[in-house]
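The file protein09.cif contains mmCIF, C-alpha atoms:
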data_query
loop_
_atom_site.label_atom_id
_atom_site.label_comp_id
_atom_site.auth_asym_id
_atom_site.auth_seq_id
_atom_site.Cartn_x
_atom_site.Cartn_y
_atom_site.Cartn_z
CA MET O 1182 0.00 0.00 0.00
CA THR O 1183 1.56 3.28 -1.02
CA LEU O 1184 1.39 6.53 0.89
CA GLU O 1185 -0.82 7.99 -1.82
CA THR O 1186 -3.58 5.40 -1.29
CA VAL O 1187 -3.37 5.73 2.48
CA ALA O 1188 -3.63 9.52 2.20
CA LYS O 1189 -6.89 9.27 0.29
CA ASN O 1190 -9.63 9.42 2.95
CA CYS O 1191 -10.22 10.17 6.63
CA VAL O 1192 -9.62 7.21 8.95
CA ARG O 1193 -12.89 7.88 10.80
CA HIS O 1194 -15.06 9.03 7.90
CA ALA O 1195 -14.30 6.78 4.95
CA ASP O 1196 -16.39 8.90 2.58
CA ARG O 1197 -14.52 12.14 3.30
CA PRO O 1198 -11.21 13.22 1.75
CA GLY O 1199 -8.23 13.66 4.12
CA ALA O 1200 -7.39 17.25 4.97
CA ALA O 1201 -4.51 16.85 7.46
CA ILE O 1202 -2.37 14.36 9.32
CA CYS O 1203 -2.51 14.09 13.11
CA MET O 1204 0.97 14.86 14.41
CA SER O 1205 0.53 12.44 17.33
CA CYS O 1206 -0.82 9.27 15.70
CA ARG O 1207 0.00 10.15 12.07
CA ALA O 1208 -3.53 9.23 10.93
CA VAL O 1209 -5.06 11.01 7.92
CA ILE O 1210 -8.04 13.03 9.14
CA CYS O 1211 -10.73 15.10 7.45
CA GLN O 1212 -11.42 18.77 8.00
CA GLU O 1213 -14.02 18.06 10.70
CA CYS O 1214 -11.72 15.77 12.68
CA THR O 1215 -8.81 18.25 12.62
CA THR O 1216 -8.19 20.51 15.59
CA THR O 1217 -5.23 22.89 15.57
CA TRP O 1218 -3.85 23.37 19.08
CA GLU O 1219 -0.82 25.61 19.66
CA GLY O 1220 -0.36 25.57 15.89
CA ILE O 1221 -0.23 21.76 15.63
CA CYS O 1222 -2.87 19.53 13.97
CA HIS O 1223 -4.37 16.80 16.15
CA CYS O 1224 -7.27 14.36 15.90
CA ALA O 1225 -9.87 14.42 18.70
CA PRO O 1226 -8.65 11.36 20.70
CA CYS O 1227 -5.02 12.51 20.67
CA LEU O 1228 -6.03 16.00 21.73
CA ALA O 1229 -8.13 14.59 24.57
CA ALA O 1230 -5.17 12.46 25.69
CA LYS O 1231 -2.92 15.52 25.70
CA ALA O 1232 -5.42 17.64 27.61
CA ARG O 1233 -6.11 15.08 30.38
CA PRO O 1234 -3.01 15.57 32.58
CA ARG O 1235 -3.22 19.35 32.14
CA ARG O 1236 -6.65 19.45 33.74
CA GLN O 1237 -5.33 17.62 36.80
CA ALA O 1238 -2.49 20.08 37.39
CA HIS O 1239 -3.24 23.08 39.58
CA ALA O 1240 -3.74 26.14 37.41
CA LEU O 1241 -2.03 28.52 39.85
CA LEU O 1242 1.20 26.55 40.28
CA PRO O 1243 2.90 27.70 37.04
CA TRP O 1244 2.05 31.31 37.84
CA ILE O 1245 3.47 31.10 41.36
CA GLY O 1246 6.60 29.51 39.93
CA LEU O 1247 6.85 32.22 37.31
CA VAL O 1248 6.50 35.10 39.79
CA LEU O 1249 9.14 33.56 42.07
CA THR O 1250 11.45 32.94 39.13
CA CYS O 1251 11.06 36.53 37.90
CA ALA O 1252 11.74 37.92 41.38
CA VAL O 1253 14.92 35.84 41.67
CA LEU O 1254 15.97 36.85 38.15
CA MET O 1255 15.48 40.56 38.95
CA LEU O 1256 17.64 40.26 42.08
CA LEU O 1257 20.25 38.32 40.11
CA ALA O 1258 20.24 40.96 37.34
CA VAL O 1259 20.83 43.78 39.85
CA GLU O 1260 23.55 41.95 41.78
CA ALA O 1261 25.24 40.78 38.57
CA ALA O 1262 25.26 44.34 37.21
CA VAL O 1263 26.79 45.78 40.40
CA THR O 1264 29.24 42.98 41.24
CA THR O 1265 30.54 42.18 37.76
CA GLY O 1266 30.41 45.82 36.64
CA THR O 1267 32.45 46.93 39.66
CA LEU O 1268 34.96 44.13 39.06
CA ILE O 1269 35.37 44.82 35.33
CA PHE O 1270 35.14 48.61 35.14
CA GLY O 1271 36.52 49.38 38.59
CA SER O 1272 39.88 47.69 38.05
CA MET T 220 12.16 17.48 14.38
CA SER T 221 15.49 16.68 12.81
CA ALA T 222 18.67 18.72 13.00
CA SER T 223 18.72 18.87 9.20
CA LEU T 224 15.59 21.02 8.90
CA ARG T 225 16.40 23.52 6.15
CA ILE T 226 14.93 27.01 6.39
CA PRO T 227 16.73 29.39 3.98
CA VAL T 228 18.13 32.48 5.73
CA THR T 229 17.57 34.62 2.62
CA GLU T 230 13.83 33.83 2.56
CA VAL T 231 13.54 34.55 6.29
CA LEU T 232 15.34 37.89 5.90
CA ASP T 233 13.25 38.83 2.84
CA GLU T 234 10.05 38.20 4.78
CA ALA T 235 11.45 40.12 7.77
CA VAL T 236 12.22 43.18 5.64
CA ASP T 237 8.75 43.12 4.04
CA THR T 238 7.12 42.77 7.46
CA VAL T 239 9.09 45.62 9.04
CA ARG T 240 8.15 47.81 6.07
CA SER T 241 4.45 47.01 6.47
CA LEU T 242 4.52 47.42 10.27
CA PHE T 243 6.56 50.62 10.30
CA VAL T 244 3.65 52.75 11.53
CA PRO T 245 3.03 52.42 14.43
CA TRP T 246 4.66 49.18 15.62
CA VAL T 247 8.30 49.93 14.84
CA GLY T 248 7.85 53.31 16.56
CA ILE T 249 6.35 51.63 19.64
CA LEU T 250 9.25 49.17 19.71
CA MET T 251 11.80 52.00 19.49
CA LEU T 252 10.06 54.01 22.23
CA GLY T 253 9.88 50.97 24.50
CA VAL T 254 13.53 50.01 24.00
CA LEU T 255 15.02 53.54 24.14
CA PRO T 256 14.99 53.96 27.99
CA PHE T 257 16.65 50.57 28.41
CA ARG T 258 19.42 51.38 25.91
CA LEU T 259 20.05 54.84 27.39
CA LEU T 260 20.10 53.52 30.97
CA PHE T 261 22.50 50.77 29.97
CA VAL T 262 24.86 53.32 28.41
CA HIS T 263 24.50 55.54 31.49
CA LEU T 264 25.30 52.67 33.88
CA VAL T 265 28.42 51.68 31.95
CA LEU T 266 29.63 55.30 31.73
CA GLU T 267 29.04 55.81 35.45
CA LEU T 268 30.99 52.64 36.22
CA LEU T 269 33.83 53.84 33.98
CA ASP T 270 33.80 57.27 35.65
CA ALA T 271 33.78 55.77 39.13
CA GLY T 272 36.78 53.57 38.35
CA GLU T 273 38.33 52.14 41.50
CA ALA T 274 35.77 53.98 43.67
CA ALA T 275 32.95 51.91 42.13
CA GLY T 276 32.96 49.54 45.10
CA GLU T 277 32.22 52.41 47.50
CA LEU T 278 29.26 53.54 45.35
CA ALA T 279 27.59 50.12 45.33
CA SER T 280 24.25 51.44 46.63
CA TYR T 281 24.11 54.06 43.86
CA PHE T 282 24.88 51.46 41.21
CA ARG T 283 22.29 49.13 42.77
CA GLU T 284 19.65 51.86 42.31
CA LEU T 285 20.71 52.31 38.69
CA ALA T 286 20.58 48.54 38.16
CA TRP T 287 16.99 48.41 39.54
CA MET T 288 16.02 51.17 37.10
CA LEU T 289 17.67 49.11 34.36
CA VAL T 290 15.54 46.10 35.35
CA ALA T 291 12.38 48.24 35.17
CA ALA T 292 13.43 49.57 31.76
CA CYS T 293 14.16 45.98 30.66
CA LEU T 294 10.59 44.96 31.56
CA LEU T 295 9.21 47.84 29.47
CA ALA T 296 11.53 46.99 26.57
CA THR T 297 10.55 43.31 26.75
CA LEU T 298 6.85 44.15 26.62
CA ALA T 299 7.46 46.45 23.62
CA ARG T 300 9.39 43.64 21.93
CA ALA T 301 6.62 41.14 22.74
CA VAL T 302 4.00 43.44 21.19
CA PHE T 303 6.16 43.91 18.09
CA ALA T 304 6.73 40.15 17.81
CA ARG T 305 2.96 39.62 18.06
CA ALA T 306 2.41 42.29 15.39
CA CYS T 307 4.92 40.45 13.18
CA HIS T 308 3.12 37.12 13.70
CA LEU T 309 -0.27 38.64 12.86
CA GLY T 310 1.14 40.72 9.99
CA MET T 311 2.83 37.69 8.41
CA ALA T 312 -0.33 35.61 8.74
CA ALA T 313 -2.71 38.23 7.30
CA ARG T 314 -0.25 40.09 5.01
CA ILE T 315 -1.63 43.39 6.33
CA SER T 316 -0.93 45.57 9.37
CA PRO T 317 -2.68 43.87 12.33
CA GLY T 318 -4.20 46.96 13.96
CA MET T 319 -4.77 47.12 17.72
CA GLU T 320 -5.10 43.34 17.94
CA ALA T 321 -1.27 43.23 18.17
CA ALA T 322 -1.34 45.11 21.47
CA ARG T 323 -3.63 42.51 23.10
CA LEU T 324 -0.89 40.35 24.58
CA GLY T 325 -2.08 37.26 26.41
CA ALA T 326 -1.01 36.83 30.04
CA SER T 327 0.92 33.63 29.29
CA GLU T 328 2.54 35.25 26.27
CA ALA T 329 3.65 38.32 28.25
CA ALA T 330 4.85 36.18 31.16
CA ALA T 331 6.95 33.95 28.90
CA CYS T 332 8.50 37.05 27.26
CA ILE T 333 9.29 38.70 30.60
CA ALA T 334 10.98 35.55 31.90
CA VAL T 335 13.14 35.29 28.78
CA GLY T 336 13.92 39.03 28.87
CA LEU T 337 15.05 38.84 32.50
CA ILE T 338 17.22 35.77 31.85
CA ALA T 339 18.86 37.64 28.95
CA LEU T 340 19.47 40.65 31.22
CA VAL T 341 21.07 38.46 33.90
CA VAL T 342 23.39 36.89 31.31
CA VAL T 343 24.33 40.29 29.81
CA ASN T 344 24.90 41.85 33.24
CA ALA T 345 26.96 38.91 34.42
CA THR T 346 29.18 38.75 31.35
CA TRP T 347 29.04 42.38 30.18
CA PHE T 348 30.74 42.71 26.84
CA MET T 349 32.11 39.21 26.44
CA VAL T 350 31.81 38.71 22.69
CA PHE T 351 30.62 35.10 22.71
CA THR T 352 27.57 35.73 24.90
CA LEU T 353 26.02 38.45 22.73
CA PRO T 354 25.10 36.16 19.77
CA LEU T 355 23.82 33.53 22.21
CA VAL T 356 21.64 36.12 23.97
CA ALA T 357 20.42 37.46 20.61
CA ILE T 358 19.41 33.94 19.49
CA ALA T 359 17.79 32.90 22.78
CA LEU T 360 15.95 36.18 23.30
CA GLY T 361 14.79 36.39 19.66
CA LEU T 362 13.49 32.82 19.73
CA GLY T 363 11.97 33.29 23.18
CA LEU T 364 9.98 36.33 22.08
CA ALA T 365 8.93 34.74 18.79
CA LEU T 366 7.94 31.41 20.35
CA ALA T 367 5.84 33.09 23.06
CA HIS T 368 3.08 33.82 20.54
CA GLY T 369 0.15 31.49 21.09
CA THR T 370 1.61 29.80 24.15
CA SER T 371 -0.82 28.69 26.83
CA GLN T 372 1.77 27.73 29.46
CA PRO T 373 3.35 30.53 31.51
CA GLY T 374 6.09 28.31 32.95
CA PRO T 375 9.65 29.36 32.03
CA VAL T 376 10.83 25.75 31.97
CA ALA T 377 8.40 24.76 29.22
CA HIS T 378 9.35 27.89 27.28
CA ALA T 379 13.05 27.15 27.68
CA GLY T 380 12.36 23.68 26.29
CA ARG T 381 10.71 25.19 23.22
CA ILE T 382 13.72 27.50 22.69
CA VAL T 383 16.18 24.60 22.95
CA ARG T 384 14.12 22.49 20.51
CA ALA T 385 14.03 25.40 18.02
CA VAL T 386 17.79 26.01 18.30
CA THR T 387 18.65 22.34 17.80
CA SER T 388 16.21 21.85 14.92
CA SER T 389 18.07 24.02 12.42
CA ASN T 390 21.23 26.06 11.98
CA THR T 391 19.21 29.04 10.70
CA PRO T 392 19.16 30.91 14.09
CA LEU T 393 22.97 30.85 14.20
CA LEU T 394 23.21 32.10 10.61
CA LEU T 395 20.65 34.81 11.39
CA ALA T 396 22.72 35.92 14.40
CA ILE T 397 25.84 36.14 12.22
CA VAL T 398 24.06 38.15 9.48
CA LEU T 399 22.39 40.48 11.99
CA GLY T 400 25.70 40.90 13.87
CA CYS T 401 27.29 42.03 10.60
CA ALA T 402 24.33 44.42 10.09
CA VAL T 403 24.95 45.95 13.55
CA MET T 404 28.65 46.43 12.70
CA VAL T 405 27.79 48.04 9.36
CA GLY T 406 25.19 50.25 11.06
CA PHE T 407 27.72 51.26 13.75
CA VAL T 408 30.37 52.26 11.18
CA THR T 409 27.76 54.07 9.05
CA ILE T 410 26.54 56.11 12.04
CA ILE T 411 30.10 57.11 12.98
CA MET T 412 30.93 58.09 9.39
CA SER T 413 27.63 59.96 8.95
CA THR T 414 28.20 61.94 12.16
CA SER T 415 31.78 62.80 11.19
CA PHE T 416 30.60 63.81 7.71
CA ALA T 417 27.80 65.97 9.16
CA LEU T 418 30.25 67.72 11.50
CA TRP T 419 32.69 68.31 8.63
CA LEU T 420 29.84 69.60 6.46
CA ALA T 421 28.64 71.97 9.19
CA GLY T 422 32.12 73.41 9.74
CA GLY T 423 33.63 73.29 6.25
CA ILE T 424 30.67 74.10 4.01
CA PHE T 425 28.15 76.02 6.08
CA GLY T 426 30.71 77.88 8.18
CA LEU T 427 29.14 76.84 11.49
CA ASP T 428 31.29 76.26 14.56
CA PRO T 429 30.86 72.61 15.52
CA GLY T 430 33.34 72.97 18.42
CA ALA T 431 31.18 71.67 21.28
CA ALA T 432 29.29 69.21 19.08
CA SER T 433 32.50 67.76 17.67
CA VAL T 434 33.78 67.10 21.20
CA VAL T 435 30.50 65.51 22.34
CA LEU T 436 29.93 63.48 19.16
CA SER T 437 33.54 62.51 18.50
CA PRO T 438 33.92 58.73 18.07
CA GLU T 439 36.96 58.96 20.32
CA ALA T 440 34.71 59.76 23.31
CA PRO T 441 33.50 56.59 25.10
CA HIS T 442 29.99 57.95 25.67
CA ALA T 443 29.60 58.74 21.94
CA LEU T 444 30.82 55.26 20.99
CA MET T 445 28.36 53.65 23.42
CA LEU T 446 25.50 55.77 22.06
CA TYR T 447 26.39 54.89 18.46
CA ALA T 448 26.51 51.19 19.34
CA SER T 449 23.10 51.46 21.05
CA LEU T 450 21.68 53.30 18.04
CA ALA T 451 23.03 50.63 15.69
CA LEU T 452 21.44 47.91 17.86
CA MET T 453 18.13 49.79 17.87
CA LEU T 454 18.16 50.14 14.08
CA VAL T 455 18.66 46.40 13.58
CA GLU T 456 16.26 45.37 16.37
CA PRO T 457 13.00 45.35 14.31
CA PHE T 458 14.64 43.20 11.62
CA TRP T 459 16.09 40.86 14.28
CA LEU T 460 12.68 40.28 15.85
CA ALA T 461 10.85 39.97 12.51
CA ALA T 462 13.48 37.49 11.25
CA PHE T 463 13.11 35.25 14.29
CA VAL T 464 9.30 35.43 14.05
CA SER T 465 9.54 34.41 10.39
CA PHE T 466 11.85 31.53 11.33
CA VAL T 467 9.50 30.35 14.08
CA ARG T 468 6.49 30.48 11.72
CA ARG T 469 8.33 28.35 9.17
CA LEU T 470 9.48 25.96 11.89
CA ARG T 471 5.92 25.57 13.17
CA ALA T 472 4.58 25.04 9.67
CA SER T 473 7.05 22.22 9.11
CA SER T 474 6.32 20.54 12.44
CA SER T 475 2.60 21.17 12.77
CA GLY T 476 1.33 19.30 9.77
CA GLU T 477 0.71 22.49 7.75
CA ASP T 478 3.35 21.40 5.25
CA LEU T 479 1.80 17.90 5.22
CA ARG T 480 -1.61 19.47 4.62
CA ALA T 481 -0.19 21.38 1.64
CA TRP T 482 1.48 18.22 0.39
CA LEU T 483 -1.81 16.32 0.73
CA LEU T 484 -3.66 19.00 -1.23
CA ARG T 485 -1.03 18.85 -4.00
CA LEU T 486 -1.33 15.06 -4.02
CA SER T 487 -5.14 15.19 -4.22
CA ALA T 488 -5.00 17.75 -7.02
CA SER T 489 -2.59 15.64 -9.06
CA ARG T 490 -4.75 12.52 -8.56
CA ALA T 491 -7.88 14.38 -9.59
CA ARG T 492 -6.32 15.43 -12.88
#

Output the file's structure in the form of structure tokens.
Amino acid sequence: MTLETVAKNCVRHADRPGAAICMSCRAVICQECTTTWEGICHCAPCLAAKARPRRQAHALLPWIGLVLTCAVLMLLAVEAAVTTGTLIFGS
Amino acid sequence: MSASLRIPVTEVLDEAVDTVRSLFVPWVGILMLGVLPFRLLFVHLVLELLDAGEAAGELASYFRELAWMLVAACLLATLARAVFARACHLGMAARISPGMEAARLGASEAAACIAVGLIALVVVNATWFMVFTLPLVAIALGLGLALAHGTSQPGPVAHAGRIVRAVTSSNTPLLLAIVLGCAVMVGFVTIIMSTSFALWLAGGIFGLDPGAASVVLSPEAPHALMLYASLALMLVEPFWLAAFVSFVRRLRASSSGEDLRAWLLRLSASRAR
């Protein structure tokens, strides 16, 4: 079976022409079965599988991590500017 | 994604130039206004450190205040860059200027940009003018800002992963950094020569006395050199951002199935004939 014959129709709707390929399972899917998420084409089951663990994670955790990271980075930027600048330009 | 992914630098730069031209009003102006305080403060901090010399250690609290102002200016500059990168994404997708939609940055998008901007500032402040870090910062920051578009995860770790994947997928970012580095050098030399020519023209042709101006603007003065370098960086900045956005769009097209969709359409058309 060549790639051309496989690419002919949607794997779930045999009467519909393929419009995309799911980047997770590599199945040919029709327009209706295609969902673009973060710029990447997925079929519905693969998208559901990807979304499942995200729902379980706490939504606030990444934001708390981000705020803490940014605060540390700001302190680092200030101390790096003063310490390294004094060392380099002060000598 | 393989390391052999081929995205021609010339096509990326062509698209970047077209995009900057179409986004000139008002997005390039907004980018320049947002970045200007950061560039000027950076120059000021370096000049103050040079002036202080060996007494710099005793003025640590003063330099700490300046460094905090630099961080605040960096946040403003990063937001301006994020808005411009979003305008580039939308402009490249629609082939027209995106209007106010470009200013509507998502929270995750802005957060990812700020994290990358702060990391770049830490690296620059820690290494100052070490030559090898500047291209690395240019690549990482350019990709970070370009990849932030459409992201739904604010976490810096996930964003760092995307940047690493983009860097390792193709050698185009490195080539872009080299080309844009050359553009900064050419811009720097052009600004120095233009200023010298203008001073000569003012004194020799129009009979004006450029005495004070020639001292202030002389390329031999460190502050003038720093200002010229900052100006050269600012001139290249819109093209740098647009080029990395173009690269990211092409990278996403090749890894998202968009290229497969186009291939499938071509295949269907040829079979129908």

Checklist line | d(atom CA of T:Pro441, atom CA of T:Leu268) in Å | finding: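 That distance, rounded to one decimal, is 12.1 Å.
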
Next item on the list: At a cut-off of 10 Å, list the chain O residues touching chain T, using all atoms listed in the file, as a ChimeraX atom specification.
Entry: /O:1185,1188-1189,1198-1204,1207,1209,1217-1223,1240,1242-1248,1250-1272

Next item on the list: Report the distance between atom CA of T:Pro245 and atom CA of T:Ser316 in Å, rounded to one decimal place.
Entry: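 These two atoms are separated by 9.4 Å.
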
Notebook entry, point to check: Which residues, written as a PyMOL selection string, have at least one atom at most 6 Å from stretch 444-459 of chain T, with all atoms listed in the file counted and residues fewer than 2 positions away on the same chain left out?
Noted result: chain T and resi 235+403+406-407+438+441-442+461-462

So that I can check the surroundings of T:Ala296, please list as a PDB file with C-alpha atoms, in the coordinates of the input every protein, DNA and RNA residue that reaches within 8 Å of it, counting all atoms listed in the file and ignoring chain neighbours fewer than 2 positions away.
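Output file result.pdb follows:
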ATOM      1  CA  LEU T 250       9.250  49.170  19.710  1.00  0.00           C
ATOM      2  CA  GLY T 253       9.880  50.970  24.500  1.00  0.00           C
ATOM      3  CA  VAL T 254      13.530  50.010  24.000  1.00  0.00           C
ATOM      4  CA  LEU T 255      15.020  53.540  24.140  1.00  0.00           C
ATOM      5  CA  PRO T 256      14.990  53.960  27.990  1.00  0.00           C
ATOM      6  CA  PHE T 257      16.650  50.570  28.410  1.00  0.00           C
ATOM      7  CA  ALA T 292      13.430  49.570  31.760  1.00  0.00           C
ATOM      8  CA  CYS T 293      14.160  45.980  30.660  1.00  0.00           C
ATOM      9  CA  LEU T 294      10.590  44.960  31.560  1.00  0.00           C
ATOM     10  CA  LEU T 298       6.850  44.150  26.620  1.00  0.00           C
ATOM     11  CA  ALA T 299       7.460  46.450  23.620  1.00  0.00           C
ATOM     12  CA  ARG T 300       9.390  43.640  21.930  1.00  0.00           C
TER      13      ARG T 300
END

Item checked: atom CA of T:Ser241 to atom CA of T:Arg323, distance in Å rounded to a single decimal ->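 Value for the atom CA of T:Ser241-atom CA of T:Arg323 distance: 19.0 Å.
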
Notebook entry, point to check: Which one of T:Cys307, T:Val239, T:Ala377, T:Leu393 sits closest to T:Ala359 if you count all atoms listed in the file?
Noted result: T:Leu393

Margin query: For this structure, which residues satisfy the selection - the PyMOL selection byres ((chain O and resi 1225) around 8) - when it is evaluated on the file as given? I want them as an NGL selection string.
Written below: :O and (1214-1216 or 1223-1224 or 1226-1229)

Next item on the list: Please evaluate the PyMOL selection byres ((chain T and resi 314) around 12) against the displayed coordinates and give the resulting residues as an MDAnalysis selection string.
Entry: chainID T and resid 234 237:242 306:313 315:318
